[in-house]
Structure formats: C-alpha cells, structure tokens
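To start, the structure under review is shown below, and the notes come after it.
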Amino acid sequence: MRLSRRVREFEPYRAARHEAARGILLDANENPEGGLHEPPDLAQVLADLGRYPDPANLRVRDAAARALGVPVEAVFAGNGSDEAIDLLLRSLADPGDEVVIAAPTYGMYAVLAALHGLRARVVRLDRDFRLDPEALEGAEDGRASALFLCSPNNPTGNLLGRTRILEAARRFPGAVIVDEAYVEFAEVESLALEAARPGSSLIVLRTLSKAWGMAGLRCGFAVADPGLVEVLQSVKLPYNLSGVASALAARALADPRRLESTVRRNATERARLAEGLRALGLAPLPSAANFLLVPHAGATSIVRRLARERGVVVRDRSNLPGIPAAFRVTVGTAMENDAFLEGLAQCLA
Ligand code: PMP
C-alpha cells in the first residue's frame with residue numbers, strides 16, 4: 001500500500017509507556033498520588049452511555065474555565081493537551097509552512113509538525129536552557145506560523161520566564177504556544193489570562209495529566225482567543241472527549257484541594273530527591289516541575305540497570321544539546337524516591 005511521504009518519513013513518538021509499563025514508574029512525570037477519590041454519581045454517567053456526549057464539551061470547559069480563572073469561550077478541551085497541539089497545527093499552518101521550536105523540549109511538537117507536513121526550525125535555548133528572545137531573530141520574517149515554548153520546560157525543568165515569553169510573543173509574527181503542562185508545580189502565575197484576551201496571539205496549553213493526577217483520563221486544554229477556540233471546536237472530531245472522561249474531568253476540576261496537597265508534597269520531595277542526588281555526587285538541574293534532569297556520563301547504562309536490577313524506571317534523556325548524557329526522574333512518593341536513591345547508590349558504587 002502506498003503511504004503518504006509525510007507518514008513514510010516521520011519518526012513516531014516513543015512515549016514512556018511504550019518502553020515500560022511495570023515497576024516503580026518514575027519515567028512519565030505522572031502524579032504518583034493521582035486518581036479521583038470522590039467520583040461523581042457513576043450511575044448517572046453510566047445511564048448516559050447510550051447517547052453521544054455533548055460535542056461542545058460545555059460542562060468540562062466550564063469547570064476548566066472556573067479553575068483556570070478565564071472565560072469559558074477562551075477554553076478548548078481536548079483528548080489530552082496532545083490533541084490541542086495537533087489541532088492547533090492543523091488550524092494555524094499549511095503544509096510547507098515553518099514552525100519554530102525552542103529546544104531541547106517535549107518531542108511531540110516536532111512529531112506532529114512532521115505529520116502535518118510542516119518544516120520545524122529549532123531555536124536553541126541558552127546554556128541554562130532559558131529563552132533568549134533575540135535568538136528568535138530570523139524566525140521573525142513572517143513565514144513561521146507558530147512558535148512552541150514549554151515552561152516549565154520538559155525535560156530540563158526550568159521556567160522560561162514570564163517577561164521573556166511575553167517579549168518573544170511581541171517579536172514573533174505568528175502564534176506563540178506556551179505549554180504549561182507543569183505550571184502548577186512551579187507556583188508561578190499562569191499566562192492563561194493573557195492568552196484568553198480577544199485578539200491575543202498567545203496560546204496556553206494546560207493539562208489534567210500532571211499536577212491534577214489524571215493522566216489516564218486524557219483531558220487537556222488550550223486557552224486562547226475565543227475566535228481561535230471556535231476554530232478548534234470546528235476542526236476537532238465531533239465527540240473528542242468521552243462522556244465518562246468529561247464527567248470525571250469536571251468533577252476533578254471542581255475540587256482543587258488535592259491539587260494543593262500534590263504541589264506541597266512535590267515541592268518537599270523534589271528538594272529531598274535533589275539533596276539525595278547531590279549526596280551521591282550528582283548535580284541535578286534546578287527544577288520548577290515534578291521531575292529532575294540529572295546529567296551523568298553513564299546515564300544510559302544507569303537507566304538500564306535501575307530497571308533490570310531494581311525495577312525502578314526512569315527515562316534516558318541523553319543527546320540533549322549541552323547535556324550529552326542525562327536521565328530524567330519523576331518526583332514520586334517518599335517511598336518511591338527512597339527506592340530510586342537506594343538503587344542508584346548501588347549502581348554508582
Ligand atoms: N506537554 C508536555 C510538556 C508534556 O510533557 C506532556 C506529557 N508528557 C504533554 C504536553 C501531553 O500531555 P497530555 O497528557 O495532556 O496529552
């Protein structure tokens with residue numbers, strides 16, 4: 001069968017769960033205490049299963065709008081924020097257009113750009129993985145349709161900085177997509193309110209998969225100019241969120257108490273994990289997220305040994321510019337972090 005050139009030539013994304021699904025999973029930046037502890041009335045949700053869900057996703061968008069402090073017309077709800085990335089590219093760019101990616105960063109921007117027949121231009125973050133708005137020089141010639149920024153950045157963990165992002169948005173001629181998948185952990189203000197302004201070229205991505213602890217639900221959001229949200233609503237599949245997912249998402253969003261305790265636990269454990277790594281002679285990068293990037297010349301073999309000998313799964317993130325060998329470890333529960341540190345000490349001994 002003849003496949004399109006785009007499909008023949010693109011390199012599929014390898015998610016953490018493609019590599020491992022068992023063990024102490026500190027590889028996918030999930031919330032180890034996630035899940036929904038007070039489910040909604042499931043009898044009602046199940047009774048509705050015979051009918052198609054609301055194609056406008058109003059209930060979940062309304063709950064997200066309240067939680068994020070923006071008007072509902074500025075919120076698109078997707079099957080994970082990955083769906084929002086896909087639909088944004090579909091809506092903003094024509095095949096052959098260029099998108100700019102501030103890298104090293106999350107791999108899906110480049111994978112989806114390739115699937116849409118777009119050229120991806122990489123702008124390197126600086127030595128400390130911060131954004132240098134001047135590096136966008138040349139990407140400003142009007143041909144680029146979108147710029148991807150991730151803050152806190154995956155896999156480096158640092159914030160790109162509000163002032164720098166807003167400066168980049170002023171300079172860049174196209175849409176500026178700021179992926180805030182991990183922003184709750186950073187305890188800084190989101191750019192969602194700026195993105196929600198009519199006419200704004202800023203788009204903010206948020207997700208229930210990380211601090212909200214609902215990665216299995218598949219629900220994420222784009223906050224954007226209401227006109228663009230209308231476009232996203234029109235290009236999505238009619239029923240992109242299942243009725244079950246919508247009901248559970250709306251329930252999770254209505255109760256931020258678990259989110260607050262997650263953020264507190266993460267901050268304490270992140271500091272303890274970093275301290276434990278330093279005690280082993282390693283130098284994790286400063287992180288505002290729920291993971292640490294740890295440079296080590298033997299990262300690839302450490303990752304293998306940890307999984308094989310200790311059942312602790314972390315992610316090899318070698319080959320980043322400036323950090324040729326490194327692994328990324330998610331901040332887990334105290335017990336998981338102890339198991340990881342103990343296993344690592346043995347690997348290094
Ligand atoms: N953005 C970033 C930076 C991520 O790390 C991830 C997941 N690893 C996503 C988006 C996708 O999240 P979702 O589960 O909402 O599709």
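Each chain in the structure tokens gets a letter, A, B and so on, in the order shown; residues start at 1 in every chain, and ligands are counted from 1 in the order they appear.
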*Could you name the residues that touch Asp27 in chain A at 6 Å or less, counting only C-alpha atoms, but leaving out those on the same chain fewer than 5 positions away, as a ChimeraX atom specification?*
/A:313-315,329-330
*Within 10 Å of range 231-244 of chain A, counting only C-alpha atoms, which residues qualify if same-chain residues fewer than 5 places away don't, as JSON, numbers by chain?*
{"A": [42, 45, 46, 48, 49, 51, 52, 53, 54, 55, 56, 57, 60, 75, 76, 77, 78, 79, 80, 83, 84, 86, 87, 88, 90, 91, 92, 217, 218, 219, 222, 224, 226, 249]}
*With only C-alpha atoms and all ligand atoms as the basis for distance, which of A:Leu166, A:Ala283, A:Ala297, A:Ala215 is at the shortest distance from ligand 1?*
A:Ala215
*Hey, can you check how far CA of Ile323 in chain A sits from CA of Glu19 in chain A?*
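CA of Glu19 in chain A lies 22.0 Å from CA of Ile323 in chain A.
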*Could you please extract the residues within 10 Å of ligand 1, counting only C-alpha atoms and all ligand atoms, and hand them back as a ChimeraX atom specification?*
/A:15-16,27-30,78-85,105-109,149-155,157,178-183,205-210,214-221
Keeping only N, CA and C atoms, write the selected residues as a compact mmCIF listing (two decimals), in the first residue's frame.
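Contents of result_17.txt, as written:
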# COMPACT_ATOMS: atom_id res chain seq x y z
N ALA A 15 6.49 7.07 23.57
CA ALA A 15 6.05 7.52 24.89
C ALA A 15 6.69 6.64 25.95
N ALA A 16 6.71 7.14 27.19
CA ALA A 16 7.29 6.37 28.29
C ALA A 16 6.65 4.99 28.38
N ASP A 27 9.10 7.60 35.24
CA ASP A 27 9.58 7.91 33.89
C ASP A 27 8.65 8.82 33.09
N ALA A 28 7.42 9.06 33.57
CA ALA A 28 6.45 9.76 32.70
C ALA A 28 5.90 11.04 33.33
N ASN A 29 6.54 11.52 34.39
CA ASN A 29 6.11 12.77 35.04
C ASN A 29 4.64 12.75 35.45
N GLU A 30 4.19 11.56 35.85
CA GLU A 30 2.81 11.45 36.34
C GLU A 30 2.77 11.82 37.82
N GLY A 78 -9.49 19.16 25.07
CA GLY A 78 -9.06 18.12 24.14
C GLY A 78 -8.76 16.80 24.83
N ASN A 79 -8.54 15.78 24.00
CA ASN A 79 -8.18 14.45 24.47
C ASN A 79 -6.69 14.49 24.85
N GLY A 80 -6.43 15.08 26.01
CA GLY A 80 -5.05 15.40 26.38
C GLY A 80 -4.64 16.69 25.71
N SER A 81 -3.60 17.35 26.26
CA SER A 81 -3.15 18.56 25.56
C SER A 81 -2.49 18.18 24.24
N ASP A 82 -2.09 16.92 24.08
CA ASP A 82 -1.56 16.48 22.78
C ASP A 82 -2.58 16.72 21.66
N GLU A 83 -3.86 16.51 21.94
CA GLU A 83 -4.85 16.76 20.88
C GLU A 83 -4.88 18.25 20.53
N ALA A 84 -4.74 19.10 21.57
CA ALA A 84 -4.75 20.54 21.30
C ALA A 84 -3.56 20.93 20.42
N ILE A 85 -2.40 20.32 20.66
CA ILE A 85 -1.21 20.63 19.84
C ILE A 85 -1.50 20.25 18.38
N THR A 105 13.25 20.21 24.05
CA THR A 105 11.94 20.26 24.68
C THR A 105 11.12 19.00 24.38
N TYR A 106 9.85 19.04 24.72
CA TYR A 106 8.92 17.94 24.52
C TYR A 106 8.88 17.52 23.04
N GLY A 107 9.00 16.20 22.79
CA GLY A 107 9.17 15.71 21.43
C GLY A 107 7.95 15.78 20.52
N MET A 108 6.75 15.89 21.11
CA MET A 108 5.55 15.80 20.27
C MET A 108 5.37 16.99 19.31
N TYR A 109 5.95 18.17 19.68
CA TYR A 109 5.77 19.31 18.77
C TYR A 109 6.36 18.97 17.40
N LEU A 149 6.87 27.09 22.94
CA LEU A 149 7.67 27.27 24.14
C LEU A 149 7.06 26.39 25.22
N CYS A 150 7.90 25.82 26.08
CA CYS A 150 7.39 24.94 27.12
C CYS A 150 7.94 25.44 28.46
N SER A 151 7.05 25.81 29.39
CA SER A 151 7.51 26.42 30.63
C SER A 151 6.60 26.03 31.80
N PRO A 152 7.12 25.32 32.82
CA PRO A 152 8.45 24.75 32.93
C PRO A 152 8.73 23.79 31.77
N ASN A 153 10.01 23.79 31.36
CA ASN A 153 10.36 23.04 30.16
C ASN A 153 10.61 21.56 30.48
N ASN A 154 10.07 20.69 29.64
CA ASN A 154 10.36 19.27 29.69
C ASN A 154 11.43 18.99 28.63
N PRO A 155 12.59 18.43 28.93
CA PRO A 155 12.94 17.71 30.16
C PRO A 155 13.85 18.48 31.12
N GLY A 157 13.26 21.20 33.13
CA GLY A 157 12.61 21.52 34.41
C GLY A 157 12.53 23.00 34.75
N VAL A 178 2.42 28.43 24.41
CA VAL A 178 3.19 28.20 25.64
C VAL A 178 2.60 26.99 26.36
N ASP A 179 3.37 25.91 26.40
CA ASP A 179 2.90 24.67 27.01
C ASP A 179 3.19 24.74 28.51
N GLU A 180 2.12 24.89 29.29
CA GLU A 180 2.26 24.99 30.75
C GLU A 180 1.81 23.69 31.44
N ALA A 181 2.17 22.55 30.85
CA ALA A 181 1.74 21.26 31.41
C ALA A 181 2.13 21.13 32.89
N TYR A 182 3.27 21.75 33.27
CA TYR A 182 3.79 21.56 34.63
C TYR A 182 3.68 22.82 35.49
N VAL A 183 2.90 23.80 35.06
CA VAL A 183 2.97 25.12 35.70
C VAL A 183 2.52 25.10 37.16
N LEU A 205 -1.27 26.06 26.85
CA LEU A 205 -1.73 24.67 26.99
C LEU A 205 -1.68 24.28 28.47
N ARG A 206 -2.75 23.65 28.95
CA ARG A 206 -2.79 23.13 30.32
C ARG A 206 -3.29 21.68 30.26
N THR A 207 -3.06 20.93 31.30
CA THR A 207 -3.46 19.52 31.27
C THR A 207 -3.90 19.02 32.63
N LEU A 208 -4.75 18.00 32.62
CA LEU A 208 -5.10 17.31 33.87
C LEU A 208 -4.15 16.15 34.15
N SER A 209 -3.17 15.93 33.26
CA SER A 209 -2.34 14.72 33.36
C SER A 209 -1.24 14.79 34.41
N LYS A 210 -0.89 15.99 34.85
CA LYS A 210 0.28 16.12 35.72
C LYS A 210 -0.16 16.42 37.16
N MET A 214 -4.44 13.04 36.61
CA MET A 214 -5.44 12.33 35.83
C MET A 214 -4.93 11.97 34.43
N ALA A 215 -3.69 11.48 34.36
CA ALA A 215 -3.10 11.19 33.04
C ALA A 215 -3.91 10.14 32.27
N GLY A 216 -4.53 9.21 33.00
CA GLY A 216 -5.29 8.15 32.35
C GLY A 216 -6.62 8.61 31.78
N LEU A 217 -7.04 9.80 32.18
CA LEU A 217 -8.34 10.30 31.74
C LEU A 217 -8.30 10.84 30.32
N ARG A 218 -7.15 11.40 29.95
CA ARG A 218 -6.90 12.08 28.67
C ARG A 218 -7.75 13.34 28.56
N CYS A 219 -7.33 14.37 29.24
CA CYS A 219 -8.03 15.65 29.13
C CYS A 219 -7.04 16.79 29.31
N GLY A 220 -7.01 17.68 28.35
CA GLY A 220 -6.13 18.84 28.42
C GLY A 220 -6.81 20.02 27.74
N PHE A 221 -6.22 21.20 27.87
CA PHE A 221 -6.90 22.42 27.42
C PHE A 221 -5.97 23.33 26.65
*Quick one: pick out all strand (DSSP E) residues within range 98-315 of chain A from a backbone DSSP run and write them as a ChimeraX atom specification.*
/A:98-103,119-124,144-150,175-179,202-207,220-223,291-295,312-313,315
Could you give me the residues within range 21-61 of chain A that DSSP places in alpha helix (DSSP H), as a tab-separated table (two decimals) with all heavy atoms, in the first residue's frame?
chain	number	residue	atom	x	y	z
A	42	LEU	N	-21.77	7.80	39.48
A	42	LEU	CA	-21.45	6.98	38.31
A	42	LEU	C	-22.69	6.37	37.68
A	42	LEU	O	-22.73	6.12	36.47
A	42	LEU	CB	-20.45	5.89	38.69
A	42	LEU	CG	-19.00	6.38	38.78
A	42	LEU	CD1	-18.07	5.26	39.22
A	42	LEU	CD2	-18.53	6.95	37.44
A	43	ALA	N	-23.74	6.16	38.49
A	43	ALA	CA	-24.98	5.59	37.93
A	43	ALA	C	-25.50	6.51	36.82
A	43	ALA	O	-25.89	6.04	35.74
A	43	ALA	CB	-26.02	5.43	39.04
A	44	GLN	N	-25.47	7.80	37.06
A	44	GLN	CA	-25.95	8.75	36.05
A	44	GLN	C	-25.04	8.74	34.82
A	44	GLN	O	-25.51	8.70	33.68
A	44	GLN	CB	-26.01	10.17	36.65
A	44	GLN	CG	-26.64	11.21	35.74
A	44	GLN	CD	-28.03	10.80	35.27
A	44	GLN	OE1	-28.89	10.43	36.06
A	44	GLN	NE2	-28.23	10.82	33.95
A	45	VAL	N	-23.71	8.72	35.07
A	45	VAL	CA	-22.76	8.71	33.96
A	45	VAL	C	-22.98	7.47	33.10
A	45	VAL	O	-23.03	7.53	31.87
A	45	VAL	CB	-21.30	8.73	34.49
A	45	VAL	CG1	-20.30	8.61	33.36
A	45	VAL	CG2	-21.03	10.00	35.30
A	46	LEU	N	-23.17	6.33	33.76
A	46	LEU	CA	-23.36	5.08	33.01
A	46	LEU	C	-24.70	5.05	32.30
A	46	LEU	O	-24.82	4.53	31.19
A	46	LEU	CB	-23.20	3.88	33.95
A	46	LEU	CG	-21.82	3.76	34.60
A	46	LEU	CD1	-21.76	2.54	35.53
A	46	LEU	CD2	-20.71	3.68	33.56
A	47	ALA	N	-25.73	5.64	32.92
A	47	ALA	CA	-27.05	5.68	32.28
A	47	ALA	C	-26.99	6.48	30.98
A	47	ALA	O	-27.75	6.22	30.05
A	47	ALA	CB	-28.08	6.29	33.24
A	58	LEU	N	-19.31	21.44	26.92
A	58	LEU	CA	-19.54	22.65	27.73
A	58	LEU	C	-19.27	22.47	29.21
A	58	LEU	O	-18.69	23.34	29.86
A	58	LEU	CB	-20.97	23.15	27.51
A	58	LEU	CG	-21.08	24.25	26.46
A	58	LEU	CD1	-22.50	24.75	26.34
A	58	LEU	CD2	-20.10	25.40	26.76
A	59	ARG	N	-19.69	21.32	29.74
A	59	ARG	CA	-19.55	21.13	31.18
A	59	ARG	C	-18.08	21.14	31.60
A	59	ARG	O	-17.69	21.81	32.56
A	59	ARG	CB	-20.19	19.80	31.58
A	59	ARG	CG	-20.92	19.91	32.88
A	59	ARG	CD	-21.68	18.66	33.20
A	59	ARG	NE	-21.23	18.19	34.50
A	59	ARG	CZ	-21.17	16.91	34.84
A	59	ARG	NH1	-21.51	15.98	33.98
A	59	ARG	NH2	-20.77	16.58	36.03
A	60	VAL	N	-17.28	20.41	30.87
A	60	VAL	CA	-15.87	20.33	31.25
A	60	VAL	C	-15.15	21.65	30.95
A	60	VAL	O	-14.29	22.10	31.73
A	60	VAL	CB	-15.18	19.10	30.61
A	60	VAL	CG1	-15.13	19.19	29.12
A	60	VAL	CG2	-13.78	18.93	31.15
A	61	ARG	N	-15.53	22.31	29.88
A	61	ARG	CA	-14.90	23.61	29.57
A	61	ARG	C	-15.28	24.64	30.63
A	61	ARG	O	-14.46	25.47	31.03
A	61	ARG	CB	-15.34	24.09	28.19
A	61	ARG	CG	-14.67	23.29	27.07
A	61	ARG	CD	-15.30	23.60	25.72
A	61	ARG	NE	-15.16	24.98	25.34
A	61	ARG	CZ	-16.04	25.64	24.59
A	61	ARG	NH1	-17.13	25.03	24.15
A	61	ARG	NH2	-15.84	26.91	24.29
*Pick the closest to Ala103 in chain A from A:Arg8, A:His116, A:Arg127, A:Arg328: which is it, counting only C-alpha atoms?*
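The answer is A:Arg127, which sits nearest to Ala103 in chain A.
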*Would you mind listing what lies within 9 Å of range 299-304 of chain A as a list in words, with only C-alpha atoms counted and same-chain residues fewer than 2 positions away left out?*
Val294, Pro295, His296, Ala297, Leu306, Ala307, Arg308, Glu309, Val312, Val313, Val314, Arg315, Asp316, Arg317, Ser318, Ala325, Ala326, Phe327, Leu344, Cys347 and Leu348 of chain A
Residues of the last selection are to be written out with C-alpha atoms, as a tab-separated table (two decimals), in the first residue's frame.
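Result written to result_23.tsv:
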chain	number	residue	atom	x	y	z
A	294	VAL	CA	20.35	14.56	36.04
A	295	PRO	CA	23.47	14.76	33.88
A	296	HIS	CA	25.73	11.70	34.14
A	297	ALA	CA	28.19	10.27	31.62
A	306	LEU	CA	17.93	0.55	37.57
A	307	ALA	CA	15.10	-1.06	35.62
A	308	ARG	CA	16.64	-4.51	35.38
A	309	GLU	CA	18.08	-4.86	38.86
A	312	VAL	CA	12.88	1.42	39.08
A	313	VAL	CA	12.03	3.01	35.74
A	314	VAL	CA	13.46	6.43	34.85
A	315	ARG	CA	13.90	7.97	31.41
A	316	ASP	CA	17.11	8.22	29.45
A	317	ARG	CA	17.34	11.74	28.11
A	318	SER	CA	20.79	11.63	26.58
A	325	ALA	CA	24.21	12.18	28.72
A	326	ALA	CA	21.43	12.56	31.31
A	327	PHE	CA	18.41	10.82	32.80
A	344	LEU	CA	21.07	4.48	42.22
A	347	CYS	CA	24.53	1.33	40.53
A	348	LEU	CA	27.12	4.02	41.22
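Using only C-alpha atoms, the nearest neighbour of Arg5 in chain A within the list A:Pro198, A:Gly23, A:Gly117, A:Gly161 is A:Gly117.
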*Counting only C-alpha atoms, figure out which residue out of A:Ala64, A:Leu193, A:Leu293, A:Leu253 gets nearest to Val331 in chain A.*
A:Leu293
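Of the listed residues A:Ile24, A:Val7, A:Ala211, A:Ala196, the one whose atoms come nearest to Ala113 in chain A is A:Val7, with distances taken using only C-alpha atoms.
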*For the atom pair CA of Pro32 in chain A and CA of Arg264 in chain A, what is the interatomic distance in Å to one decimal place?*
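Those two atoms sit 13.4 Å apart.
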*Distance query Leu259 in chain A at most 9 Å, only C-alpha atoms, self and fewer than 4 positions along chain excluded, as a list of chain:residue names*: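 Everything that qualifies: A:Glu184, A:Ala211, A:Trp212, A:Gly213, A:Asp255, A:Val263, A:Arg264.
CA of Glu230 in chain A is positioned 21.9 Å from CA of Ala247 in chain A.
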*Among listed residues A:Arg257, A:Arg164, A:Arg143, A:Arg265, nearest Arg130 in chain A (using only C-alpha atoms)*: A:Arg164
